[in-house]
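Visitor: Handing you a structure now.
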Amino acid sequence: MAVETPPAPDTQDDGGASGMEHMDLLHDRRRLLTLALVLLVLVAAIYVLVPRILGLDDTVARLGEANTWWIVVAVGFNLLAFAAYVALFKGVLGGTDDNRLRGRLDTRASYEITMAGLAATRIFSAAGAGGIALTYWALRKAGLGRRSSGSRMVAFLVLMYAVYLAALVVFGVLLRTGVLPGSAPAGGTIVPAAVAGVLLAGLGLVALLPGDLERRLKSYACRRGRAARLAARMATVPATVADGVRCALQYVRHPRRGALAIGGAVGFWAANIGILWASFEAFGGHVALAVLVQGFFIGMAANLVPSPAGGVGAVDAGMLAAFVLFGIPGEQVFPAVLAYRVIAFWLPIPPGVVAYFQLRNTVHAWEEEDHDPDRVTAGGEAPVAATLQKVK
């Protein structure tokens with residue numbers, strides 16, 4: 001009896017429905033209406049009920065007293081954040097030796113993927129899962145293999161969140177030791193710095209996993225039983241993560257050639273902190289730089305809390321609590337944080353949804369190219385470490 005050979009893992013196209021199931025609700029009016037109602041309830045709770053519970057009714061009234069010019073500055077920083085995010089994407093996920101892929105993942109496609117991903121992150125799930133699924137789907141449709149898509153996305157996330165963790169360590173230590181001015185409670189300085197340091201060390205240990213881990217386990221599985229074969233299949237995940245971490249380290253070790261990616265990662269967070277700084281200034285609040293940075297990153301950690309829509313409510317409360325911990329008066333913190341969230345969180349959603357539909361058209365064009373017999377399809381791909389040799 002003939003045995004049908006399954007497609008190779010790295011060429012099998014699973015990037016269609018599986019990566020976009022949660023985005024299909026954009027075509028489901030009932031589910032979309034339900035989501036909109038949930039968001040309205042959350043917004044009402046954040047902007048109306050919470051201030052009354054905390055006795056901050058007067059601070060809500062101050063939202064209409066914001067300095068218009070500082071709000072314009074905050075919006076300008078938001079545009080810079082978009083540009084930096086696109087640069088990070090293009091520097092990591094768009095950097096390939098395959099001319100066809102590089103042509104597809106150009107600046108326009110990078111913008112569509114990143115903006116649609118930001119909207120998915122804000123609408124569909126916490127900790128960026130919605131954006132990750134959408135980005136993976138887009139990369140697979142562009143022609144990047146499953147393993148390379150996963151590894152490059154890991155590199156993208158490692159670069160972005162390594163900046164996040166490093167900032168917590170640096171500013172936490174400098175605040176606590178008095179090198180930088182500002183309030184320095186242990187819970188807002190040393191504790192988050194220690195946690196961030198452990199996580200950074202963990203990333204470094206992941207990079208030490210052998211590059212041929214998957215091959216070794218598969219070889220071992222050939223001589224062992226079912227448990228060994230299961231371990232070999234599961235090895236794909238740590239092997240892919242390790243590839244991605246090593247890929248990110250290549251950019252750090254060679255910053256001149258990885259300038260676009262590194263600059264994008266630093267610029268994204270710096271621009272977001274700029275939005276928050278301008279939001280404080282809009283209401284007459286003057287916060288020390290180190291406190292601003294530390295409070296921002298501590299508050300953003302609340303994005304890990306499960307939420308119906310990308311951290312709505314959780315991040316707001318996290319930032320409020322973080323700055324109150326640093327001794328900033330609630331009447332300054334509340335309007336500034338709400339203004340920041342309106343500009344950084346809600347403002348990108350409409351252009352992000354538009355970018356999603358633009359991306360679907362772009363993907364459709366890619367699919368037509370792939371089905372055109374007169375065109376040469378992308379060939380086999382090299383491991384991530386090899387495709388990024390130009391970074392060295």
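Convention: chains lettered A, B, ... in structure tokens order; per-chain residue numbering from 1; ligands numbered from 1 as shown.
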Write out as number ranges by chain all residues of segment 76-221 of chain A that backbone DSSP assigns to helix (DSSP H, G or I).
Guide: A: 76-92, 99-104, 107-124, 126-142, 146-176, 186-188, 190-207, 213-221
Visitor: Can you tell me which residues surround Leu249 of chain A at a distance of at most 12 Å, considering only C-alpha atoms, apart from same-chain residues fewer than 5 positions away, and format the answer as a PyMOL selection string?
Guide: chain A and resi 92+154-156+158-159+162+203-204+206-208+242-244+254-255+258+261-262+385+388+391-392
